[in-house]
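Next comes final.txt, with compact mmCIF, C-alpha atoms.
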# COMPACT_ATOMS: atom_id res chain seq x y z
CA MET A 9 21.66 161.43 57.61
CA ASN A 10 21.62 162.46 53.94
CA SER A 11 18.30 163.87 52.76
CA PRO A 12 16.71 161.82 49.96
CA LYS A 13 17.62 162.98 46.49
CA THR A 14 16.10 161.48 43.42
CA PRO A 15 18.78 159.34 41.72
CA PRO A 16 18.77 158.75 37.95
CA ALA A 17 15.63 156.85 36.98
CA HIS A 18 15.44 153.32 35.63
CA VAL A 19 12.87 152.43 33.02
CA PRO A 20 9.73 151.33 34.93
CA MET A 21 9.87 147.73 36.10
CA ASP A 22 6.19 147.08 35.46
CA GLN A 23 6.42 143.53 34.13
CA PHE A 24 5.62 142.18 37.63
CA ARG A 25 2.28 143.11 39.18
CA VAL A 26 1.93 144.54 42.67
CA GLU A 27 -0.93 143.68 45.00
CA HIS A 28 -1.45 144.84 48.60
CA GLY A 29 2.01 146.34 48.60
CA GLU A 30 3.77 143.13 47.53
CA LEU A 31 5.41 142.14 44.32
CA LEU A 32 3.72 139.15 42.65
CA VAL A 33 5.78 136.49 40.92
CA GLY A 34 3.74 134.01 38.94
CA GLY A 35 0.74 135.48 40.72
CA ILE A 36 2.18 134.64 44.17
CA PRO A 37 2.90 137.37 46.76
CA LEU A 38 6.63 137.61 47.38
CA THR A 39 6.53 136.84 51.10
CA ARG A 40 4.48 133.71 50.42
CA LEU A 41 6.84 132.66 47.63
CA ALA A 42 9.80 133.12 49.98
CA ALA A 43 8.08 130.87 52.50
CA ARG A 44 7.40 128.31 49.78
CA VAL A 45 11.04 128.34 48.67
CA GLY A 46 12.04 127.91 52.30
CA SER A 47 15.08 130.17 52.44
CA THR A 48 16.69 133.22 50.96
CA PRO A 49 18.43 134.19 48.74
CA PHE A 50 16.77 132.81 45.62
CA TYR A 51 16.14 133.53 41.98
CA ALA A 52 12.55 133.36 40.76
CA TYR A 53 11.56 133.17 37.09
CA ASP A 54 8.01 133.87 35.96
CA ARG A 55 6.60 131.49 33.31
CA GLN A 56 3.93 133.96 32.24
CA LEU A 57 6.57 136.60 31.54
CA LEU A 58 8.63 134.13 29.53
CA ASP A 59 5.56 133.29 27.47
CA ALA A 60 4.73 136.96 26.99
CA ARG A 61 8.24 137.88 25.83
CA VAL A 62 8.33 135.11 23.24
CA GLY A 63 4.85 136.11 22.10
CA GLU A 64 5.95 139.73 21.77
CA LEU A 65 8.93 138.71 19.67
CA ARG A 66 6.90 136.35 17.49
CA ALA A 67 4.49 139.18 16.75
CA ALA A 68 7.35 141.40 15.57
CA LEU A 69 9.27 138.81 13.53
CA PRO A 70 8.39 137.34 10.14
CA THR A 71 7.30 133.72 10.40
CA ALA A 72 10.16 132.70 8.11
CA VAL A 73 12.70 133.63 10.79
CA LYS A 74 13.13 130.93 13.43
CA LEU A 75 13.77 131.81 17.06
CA HIS A 76 16.49 130.04 19.04
CA TYR A 77 17.19 130.30 22.77
CA ALA A 78 20.85 130.63 23.81
CA ILE A 79 21.03 128.46 26.93
CA LYS A 80 24.10 130.25 28.31
CA ALA A 81 21.85 133.13 29.38
CA ASN A 82 20.11 130.84 31.88
CA PRO A 83 20.70 127.08 31.84
CA MET A 84 18.35 126.18 34.73
CA PRO A 85 16.91 122.85 33.48
CA ALA A 86 13.29 123.64 34.32
CA LEU A 87 13.51 126.99 32.58
CA VAL A 88 15.23 125.49 29.53
CA GLY A 89 12.52 122.84 29.38
CA HIS A 90 9.87 125.54 29.41
CA MET A 91 11.66 127.57 26.74
CA ALA A 92 12.02 124.50 24.54
CA GLY A 93 8.25 124.44 24.21
CA LEU A 94 8.19 128.08 23.08
CA VAL A 95 11.11 128.45 20.65
CA ASP A 96 12.27 126.72 17.47
CA GLY A 97 15.74 125.74 18.56
CA LEU A 98 18.33 125.76 21.34
CA ASP A 99 21.93 126.95 21.21
CA VAL A 100 24.51 125.52 23.62
CA ALA A 101 28.09 126.38 24.50
CA SER A 102 29.34 123.23 26.26
CA ALA A 103 28.68 119.53 26.59
CA GLY A 104 26.97 120.26 29.89
CA GLU A 105 24.51 122.59 28.19
CA LEU A 106 24.12 120.06 25.39
CA ALA A 107 22.92 117.48 27.92
CA VAL A 108 20.36 119.96 29.27
CA ALA A 109 19.15 120.72 25.74
CA LEU A 110 18.81 117.07 24.78
CA ASP A 111 16.88 116.34 27.98
CA THR A 112 14.16 118.78 26.88
CA GLY A 113 13.21 116.56 23.95
CA MET A 114 14.14 119.24 21.41
CA SER A 115 15.13 117.58 18.14
CA PRO A 116 18.93 117.42 17.73
CA HIS A 117 18.37 118.92 14.28
CA ASP A 118 17.33 122.14 16.04
CA ILE A 119 20.23 122.29 18.51
CA SER A 120 23.49 124.05 17.68
CA PHE A 121 26.80 124.05 19.57
CA ALA A 122 29.11 127.09 19.59
CA GLY A 123 32.22 127.93 21.59
CA PRO A 124 35.86 128.70 20.79
CA GLY A 125 37.41 125.90 22.84
CA LYS A 126 35.51 122.66 22.29
CA ARG A 127 37.34 119.61 23.59
CA VAL A 128 37.64 116.56 21.33
CA GLU A 129 35.36 114.69 23.72
CA GLU A 130 32.72 117.41 23.35
CA LEU A 131 32.98 117.30 19.57
CA ARG A 132 32.50 113.55 19.66
CA GLN A 133 29.44 113.94 21.87
CA ALA A 134 27.97 116.56 19.56
CA VAL A 135 28.56 114.47 16.44
CA ALA A 136 27.01 111.43 18.14
CA ALA A 137 23.98 113.49 19.14
CA GLY A 138 23.50 114.82 15.61
CA VAL A 139 23.47 118.51 16.54
CA LEU A 140 24.84 121.30 14.37
CA ILE A 141 28.40 122.25 15.33
CA ASN A 142 29.46 125.84 14.75
CA ALA A 143 33.12 125.31 13.94
CA GLU A 144 35.30 128.15 15.22
CA SER A 145 38.75 127.39 13.81
CA PRO A 146 40.55 125.44 11.07
CA SER A 147 41.86 123.00 13.66
CA GLU A 148 38.32 122.28 14.83
CA ILE A 149 37.50 121.22 11.26
CA GLU A 150 40.46 118.83 11.37
CA ALA A 151 39.26 117.43 14.71
CA LEU A 152 35.77 116.87 13.30
CA ALA A 153 37.24 115.07 10.31
CA ALA A 154 39.14 112.80 12.70
CA VAL A 155 35.94 112.05 14.64
CA ALA A 156 34.16 111.23 11.37
CA GLU A 157 36.97 108.93 10.26
CA SER A 158 37.15 107.05 13.56
CA THR A 159 33.40 106.63 14.04
CA GLY A 160 31.83 106.69 10.59
CA TRP A 161 29.39 109.34 11.82
CA THR A 162 28.77 112.41 9.68
CA PRO A 163 29.29 115.73 11.49
CA ARG A 164 26.82 118.51 10.86
CA ILE A 165 28.94 121.63 10.41
CA ALA A 166 28.35 125.35 10.13
CA LEU A 167 31.18 127.85 10.09
CA ARG A 168 31.13 130.55 12.73
CA VAL A 169 32.33 133.69 11.01
CA ASN A 170 34.18 136.51 12.72
CA PRO A 171 32.89 139.35 10.52
CA ASP A 172 34.93 142.29 9.34
CA PHE A 173 32.59 144.71 11.13
CA GLU A 174 31.27 145.23 14.68
CA LEU A 175 27.82 145.60 16.16
CA LYS A 176 27.85 149.30 16.96
CA SER A 177 26.80 150.38 20.47
CA SER A 178 26.83 146.82 21.78
CA GLY A 179 27.57 146.09 25.42
CA MET A 180 29.79 143.15 24.47
CA ARG A 181 31.39 142.94 21.04
CA MET A 182 31.90 139.39 19.80
CA GLY A 183 32.84 140.08 16.20
CA GLY A 184 35.05 142.41 14.20
CA GLY A 185 38.77 142.91 14.79
CA PRO A 186 40.89 140.20 16.41
CA LYS A 187 38.58 137.83 18.35
CA GLN A 188 38.74 134.38 19.86
CA PHE A 189 35.29 133.72 18.40
CA GLY A 190 34.85 132.21 14.95
CA ILE A 191 36.99 132.24 11.84
CA ASP A 192 37.97 135.56 10.31
CA ALA A 193 35.78 136.27 7.28
CA GLU A 194 38.79 136.56 4.99
CA GLN A 195 39.93 133.04 5.99
CA ILE A 196 36.55 131.43 5.32
CA PRO A 197 37.05 130.60 1.59
CA ALA A 198 40.21 128.60 2.36
CA VAL A 199 38.50 126.85 5.29
CA ILE A 200 35.55 125.94 3.06
CA GLN A 201 37.91 124.44 0.50
CA ARG A 202 39.75 122.43 3.15
CA THR A 203 36.49 121.23 4.74
CA GLU A 204 35.19 119.95 1.41
CA THR A 205 38.56 118.34 0.61
CA LEU A 206 38.15 116.38 3.85
CA GLY A 207 34.81 115.09 2.58
CA LEU A 208 32.75 117.14 5.03
CA HIS A 209 29.75 119.27 4.14
CA ILE A 210 28.99 122.77 5.34
CA GLU A 211 25.35 123.42 6.19
CA GLY A 212 25.68 127.16 6.66
CA PHE A 213 27.06 130.05 8.64
CA HIS A 214 26.78 131.46 12.14
CA LEU A 215 27.43 135.19 12.51
CA PHE A 216 27.28 136.83 15.93
CA ALA A 217 28.58 140.40 15.97
CA GLY A 218 27.74 141.39 19.55
CA SER A 219 25.24 141.41 22.39
CA GLN A 220 23.32 143.64 24.81
CA ASN A 221 22.48 146.31 22.24
CA LEU A 222 19.67 148.78 22.86
CA GLN A 223 19.87 150.59 19.51
CA ALA A 224 17.47 149.14 16.94
CA GLU A 225 19.25 150.87 14.07
CA ALA A 226 22.58 149.27 15.04
CA ILE A 227 20.98 145.81 15.20
CA VAL A 228 19.31 146.36 11.83
CA GLU A 229 22.62 147.39 10.28
CA ALA A 230 24.47 144.41 11.76
CA GLN A 231 21.86 141.89 10.58
CA ARG A 232 21.94 143.36 7.08
CA ASN A 233 25.74 143.25 7.04
CA CYS A 234 25.71 139.65 8.31
CA PHE A 235 23.32 138.57 5.58
CA ASP A 236 25.30 140.31 2.86
CA LEU A 237 28.51 138.71 4.12
CA ALA A 238 26.86 135.28 4.14
CA ARG A 239 25.76 135.79 0.53
CA ARG A 240 29.35 136.47 -0.49
CA LEU A 241 30.78 133.54 1.44
CA ALA A 242 28.15 131.13 0.13
CA ASP A 243 29.63 131.48 -3.36
CA HIS A 244 32.54 129.35 -2.13
CA VAL A 245 30.37 126.44 -0.90
CA SER A 246 29.62 123.67 -3.39
CA THR A 247 26.44 122.45 -1.67
CA PRO A 248 23.23 124.39 -0.90
CA ILE A 249 23.19 126.53 2.24
CA ARG A 250 20.70 125.02 4.69
CA MET A 251 21.14 127.23 7.76
CA LEU A 252 21.92 130.87 8.38
CA ASN A 253 22.17 132.11 11.97
CA LEU A 254 22.24 135.91 12.09
CA GLY A 255 23.01 135.98 15.83
CA GLY A 256 21.14 138.12 18.30
CA GLY A 257 22.29 141.22 20.08
CA ILE A 258 18.98 142.59 21.38
CA GLY A 259 19.53 143.90 24.90
CA ILE A 260 17.40 144.78 27.91
CA PRO A 261 17.50 147.97 30.02
CA TYR A 262 19.59 147.51 33.15
CA PHE A 263 20.74 150.98 34.11
CA PRO A 264 19.39 154.52 34.51
CA GLY A 265 18.89 156.10 31.10
CA ASN A 266 18.47 152.78 29.28
CA GLU A 267 15.33 152.34 27.18
CA ARG A 268 13.71 149.20 25.83
CA VAL A 269 14.47 148.25 22.25
CA ASP A 270 11.90 149.03 19.57
CA LEU A 271 11.31 145.68 17.86
CA ALA A 272 9.34 147.08 14.90
CA PRO A 273 12.31 148.16 12.73
CA ILE A 274 14.16 144.94 13.58
CA GLY A 275 11.20 142.85 12.49
CA ALA A 276 10.72 144.88 9.31
CA ASN A 277 14.40 144.49 8.40
CA LEU A 278 14.31 140.74 9.03
CA ALA A 279 11.22 140.48 6.82
CA ARG A 280 13.17 142.07 3.97
CA ILE A 281 16.10 139.75 4.61
CA ALA A 282 13.80 136.72 4.71
CA ASP A 283 12.32 137.68 1.34
CA GLU A 284 15.80 137.86 -0.17
CA ALA A 285 16.85 134.63 1.51
CA ALA A 286 13.93 132.80 -0.08
CA THR A 287 15.55 133.51 -3.45
CA VAL A 288 19.24 133.44 -2.56
CA PHE A 289 19.11 130.50 -0.11
CA PRO A 290 15.89 128.67 -1.01
CA GLN A 291 16.80 125.61 1.08
CA ALA A 292 18.07 127.53 4.11
CA GLU A 293 16.49 128.02 7.51
CA LEU A 294 17.00 131.57 8.74
CA CYS A 295 17.22 132.07 12.50
CA ILE A 296 18.20 134.52 15.19
CA GLU A 297 19.68 133.49 18.54
CA LEU A 298 18.66 135.32 21.70
CA GLY A 299 19.36 134.74 25.38
CA ARG A 300 18.99 137.62 27.81
CA PHE A 301 16.26 139.30 25.75
CA LEU A 302 14.07 136.22 26.16
CA VAL A 303 14.64 135.54 29.86
CA GLY A 304 16.37 138.50 31.50
CA GLU A 305 13.31 140.57 32.41
CA ALA A 306 11.33 137.54 33.61
CA GLY A 307 13.60 136.91 36.59
CA ILE A 308 14.31 138.52 39.95
CA TYR A 309 16.90 137.91 42.63
CA VAL A 310 15.53 137.99 46.18
CA CYS A 311 17.54 138.37 49.37
CA ARG A 312 16.61 139.25 52.95
CA VAL A 313 17.73 142.21 55.03
CA LEU A 314 19.77 140.91 57.97
CA ASP A 315 20.83 144.19 59.47
CA ARG A 316 20.25 147.90 59.13
CA LYS A 317 23.13 150.15 60.11
CA GLU A 318 24.23 153.74 59.73
CA SER A 319 27.78 154.81 59.01
CA ARG A 320 28.75 158.47 58.84
CA GLY A 321 25.41 159.60 57.55
CA GLN A 322 24.67 156.72 55.18
CA VAL A 323 22.26 153.80 55.61
CA PHE A 324 23.45 150.29 54.86
CA LEU A 325 21.01 147.42 54.41
CA VAL A 326 23.06 144.28 54.96
CA THR A 327 21.48 141.27 53.23
CA ASP A 328 22.10 137.56 52.98
CA GLY A 329 22.75 137.87 49.23
CA GLY A 330 25.45 139.49 47.18
CA LEU A 331 28.06 139.22 44.48
CA HIS A 332 28.64 135.51 45.12
CA HIS A 333 25.12 134.90 43.76
CA HIS A 334 24.69 137.88 41.43
CA LEU A 335 28.05 139.04 40.17
CA SER A 336 26.60 141.18 37.38
CA ALA A 337 24.33 143.19 39.70
CA SER A 338 27.34 143.92 41.91
CA GLY A 339 29.04 145.62 38.95
CA ASN A 340 31.85 143.10 38.73
CA PHE A 341 30.75 141.37 35.51
CA GLY A 342 31.71 143.54 32.56
CA GLN A 343 30.95 147.01 33.92
CA VAL A 344 33.72 149.59 33.61
CA ILE A 345 31.91 152.08 35.85
CA ARG A 346 29.58 150.51 38.39
CA LYS A 347 25.87 151.28 37.85
CA ASN A 348 22.83 150.09 39.76
CA TYR A 349 20.45 147.45 38.53
CA PRO A 350 16.81 148.30 39.37
CA VAL A 351 16.19 147.37 43.02
CA ALA A 352 13.04 147.37 45.18
CA ILE A 353 11.90 146.32 48.65
CA GLY A 354 9.54 143.65 47.41
CA ASN A 355 7.23 143.56 50.43
CA ARG A 356 7.01 147.37 50.73
CA MET A 357 6.11 148.32 47.17
CA SER A 358 3.45 150.80 48.29
CA ASP A 359 5.38 152.46 51.11
CA THR A 360 5.86 156.19 50.67
CA GLU A 361 8.52 156.77 53.33
CA LEU A 362 11.70 156.74 51.25
CA GLU A 363 15.38 157.10 52.02
CA LEU A 364 18.75 156.83 50.36
CA ALA A 365 20.24 153.45 51.22
CA ASN A 366 23.09 151.19 50.23
CA VAL A 367 22.21 147.54 49.72
CA VAL A 368 25.19 145.30 50.48
CA GLY A 369 25.84 141.62 50.99
CA PRO A 370 27.45 139.62 53.79
CA LEU A 371 30.87 139.15 52.18
CA CYS A 372 34.07 140.58 53.56
CA THR A 373 34.85 142.70 50.53
CA PRO A 374 33.83 146.26 49.58
CA LEU A 375 32.89 144.92 46.14
CA ASP A 376 29.80 143.24 47.61
CA ILE A 377 27.27 145.93 46.64
CA LEU A 378 23.80 145.35 45.16
CA GLY A 379 22.62 148.96 45.36
CA ASP A 380 24.66 152.13 45.78
CA ARG A 381 22.76 155.06 47.35
CA MET A 382 19.37 154.15 45.96
CA LEU A 383 16.07 155.77 46.89
CA LEU A 384 14.09 152.95 48.51
CA PRO A 385 11.26 152.42 51.00
CA LYS A 386 12.62 152.43 54.53
CA ALA A 387 13.56 148.79 55.11
CA ARG A 388 14.03 146.75 58.26
CA PRO A 389 15.56 143.36 59.05
CA GLY A 390 13.39 140.64 57.56
CA ASP A 391 12.31 142.69 54.53
CA LEU A 392 12.90 141.27 51.07
CA VAL A 393 15.18 143.05 48.61
CA VAL A 394 14.44 142.44 44.94
CA VAL A 395 16.92 142.91 42.11
CA TYR A 396 15.11 143.12 38.79
CA GLN A 397 16.45 142.13 35.35
CA SER A 398 17.95 139.01 36.90
CA GLY A 399 16.70 136.25 34.62
CA ALA A 400 19.96 136.09 32.65
CA TYR A 401 23.60 135.70 33.66
CA GLY A 402 22.80 135.32 37.32
CA ALA A 403 23.42 132.17 39.33
CA THR A 404 25.70 130.35 36.88
CA ALA A 405 27.66 133.51 36.07
CA SER A 406 28.57 134.09 39.73
CA PRO A 407 31.28 132.71 42.08
CA GLN A 408 28.92 130.88 44.42
CA ARG A 409 31.69 129.17 46.40
CA PHE A 410 33.34 132.49 47.27
CA LEU A 411 33.85 132.75 51.05
CA GLY A 412 31.84 129.59 51.69
CA HIS A 413 28.33 131.04 51.90
CA PRO A 414 25.34 128.86 50.97
CA ALA A 415 24.45 128.37 47.32
CA VAL A 416 21.48 130.18 45.85
CA THR A 417 18.18 128.48 45.03
CA GLU A 418 16.38 128.88 41.69
CA VAL A 419 12.66 128.42 41.11
CA LEU A 420 10.41 128.61 38.06
CA VAL A 421 6.99 129.89 39.07

Here is a file; write its structure as structure tokens.
Amino acid sequence: MNSPKTPPAHVPMDQFRVEHGELLVGGIPLTRLAARVGSTPFYAYDRQLLDARVGELRAALPTAVKLHYAIKANPMPALVGHMAGLVDGLDVASAGELAVALDTGMSPHDISFAGPGKRVEELRQAVAAGVLINAESPSEIEALAAVAESTGWTPRIALRVNPDFELKSSGMRMGGGPKQFGIDAEQIPAVIQRTETLGLHIEGFHLFAGSQNLQAEAIVEAQRNCFDLARRLADHVSTPIRMLNLGGGIGIPYFPGNERVDLAPIGANLARIADEAATVFPQAELCIELGRFLVGEAGIYVCRVLDRKESRGQVFLVTDGGLHHHLSASGNFGQVIRKNYPVAIGNRMSDTELELANVVGPLCTPLDILGDRMLLPKARPGDLVVVYQSGAYGATASPQRFLGHPAVTEVLV
């Protein structure tokens, strides 16, 4: 068997407490929580950690900047309901998410709807609900005009702008260059003119340059560029700007070598922008839109070891969970080179006997890997494997019907 070698280190996963050798979620020992849930695998989200993250962000941001939660990061209804009581607005990307948002009791005025392929039925639903629609193409403006003409309802419209710059060092670039998202910045003046010709009013702009960025200076630069672009585009709008969404982009550390983002320079930059906005856009609400940064570190994925086997000198812990529940942790959701999420044996947190082990799922594919040669406490069948950083893009971003295994459970604790 291979002798243990220290693999590259993850940033400490100290957001969850440990007591008597067990991870605590919402103050509950993991083995007891597993019994309460009734089966594995499951996702567990900690309310106290959600509260703490929003509190941390509020402390760093100027009060003039509103905080919106992007539901696509985690649309679990109970979690969204909890977040609705903590944030100033909700952002949705489908009619299904819109229904979840409306069920929370959040005012439609504080709900926005983005997405490059909204069906006419979805646009009609959004107009009827009175939420802000981030229009992503000239044809979407035409469709909204048709809805207004046929119903007599007034659409609330913002233009999603595809900027002429990118968010540097971002894990996923959603602006700059050719993109399916938004309207190219250089096309915006003509779209504004056409929108106003149709008798529709533009409330503001939505700019989202990228996501999963761990470099504060890159986020600061992108937010400044977004604001400056919005100032230029606003000159073409005949009515006052009432909303400016500067996007998000703040990431969380998933892989060895990642560090947590320093919020101080981001908050200081937004304070400067807010001061300028008070003069330039006196009637506008300034907001940022975050998903994974708000919920990602508050969640874990838990699966149970079914079998322990050795193959040509390597240990394999075969679990009842895998890529069908957690595609991103398997490395099959946007990674070019597979890297490990932080993993632990949640009921052996104090064990000192360590070994190199592979954590794999039950699926008949070599892609079903949750941990590749990780240094872990020596685990046995029945032990509970924990994958940290699992509060965002987990259950609903995974192919749960793949190979017919049971669906995963989600709990808010």

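Closest approach to Leu325 in chain A among A:Lys74, A:Arg312, A:Arg202, A:Arg300: A:Arg312, based on only C-alpha atoms.
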
Long-range neighbours of Asp380 in chain A as number ranges by chain, 9 Å cut-off, all atoms listed in the file, 6 positions minimum in chain: A: 347-348, 364-368

Export of prior selection with C-alpha atoms as a CSV table (one decimal), in the frame of the given file:
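Writing done, so here's result-v1.csv:
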chain,number,residue,atom,x,y,z
A,347,LYS,CA,25.9,151.3,37.8
A,348,ASN,CA,22.8,150.1,39.8
A,364,LEU,CA,18.8,156.8,50.4
A,365,ALA,CA,20.2,153.4,51.2
A,366,ASN,CA,23.1,151.2,50.2
A,367,VAL,CA,22.2,147.5,49.7
A,368,VAL,CA,25.2,145.3,50.5

Can you work out the spacing between CA of Pro385 in chain A and CA of Met357 in chain A in Å, to one decimal?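 We find that CA of Pro385 in chain A and CA of Met357 in chain A lie 7.6 Å from each other.
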
A:Asn277, A:Leu75, A:Val135, A:Pro163: which is nearest Gly255 in chain A, counting all atoms listed in the file?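 Comparing A:Asn277, A:Leu75, A:Val135, A:Pro163 against Gly255 in chain A, the winner is A:Leu75.
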
Spatial neighbours of range 256-267 of chain A, 7 Å, only C-alpha atoms, chain gap at least 6 places, as a VMD selection string: chain A and resid 16 to 19 216 218 to 222 227 296 to 298 300 to 301 347 to 350 397

Which value, in Å to one decimal, gives the distance between CA of Gly160 in chain A and CA of Ile141 in chain A?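 Separating CA of Gly160 in chain A from CA of Ile141 in chain A is a distance of 16.6 Å.
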
Within 8 Å of range 77-87 of chain A, counting all atoms listed in the file, which residues qualify if same-chain residues fewer than 4 places away don't, as a PyMOL selection string? chain A and resi 53+91-92+95+97-101+105+108+297-300+302-304+399-402+404+418+420

Could you give me, as a PyMOL selection string, the residues within 9 Å of Cys311 in chain A, counting only C-alpha atoms and dropping anything in the same chain fewer than 6 positions from it? chain A and resi 48-51+327-330+391-395

Using all atoms listed in the file for the distances, tell me which of A:Gln133, A:Thr205, A:Ser246, A:Ser120 is nearest to Glu150 in chain A.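 Of the candidates, the smallest distance to Glu150 in chain A is held by A:Thr205.
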
Do you know which residues are at most 12 Å from Leu294 in chain A counting all atoms listed in the file, after dropping those on the same chain fewer than 5 positions away, and could you put them as a PyMOL selection string? chain A and resi 69-76+96-97+118+211-215+231+234-235+238+249-255+278-279+281-286+288-289

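Here CA of Ala292 in chain A and CA of Thr159 in chain A stand 27.8 Å from one another.
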
Using all atoms listed in the file for the distances, tell me which of A:His413, A:Leu331, A:Ala306, A:Thr360 is nearest to Met21 in chain A. A:Ala306

Centre and edges of the range 194-199 of chain A box, axis-aligned, 4 Å extra per side, as AutoDock Vina command-line options:
--center_x 38.4 --center_y 131.7 --center_z 3.8 --size_x 11.7 --size_y 17.7 --size_z 12.4

Return the single residue from A:Ala193, A:Ile274, A:Ile353, A:Leu38 that is closest to Ala52 in chain A, with distances computed using only C-alpha atoms. A:Leu38

So, with all atoms listed in the file as the atoms that count, which of A:Pro146, A:Gly412, A:Gly89, A:Gly275 lies closest to Pro197 in chain A?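 For Pro197 in chain A, the nearest of the candidates is A:Pro146.
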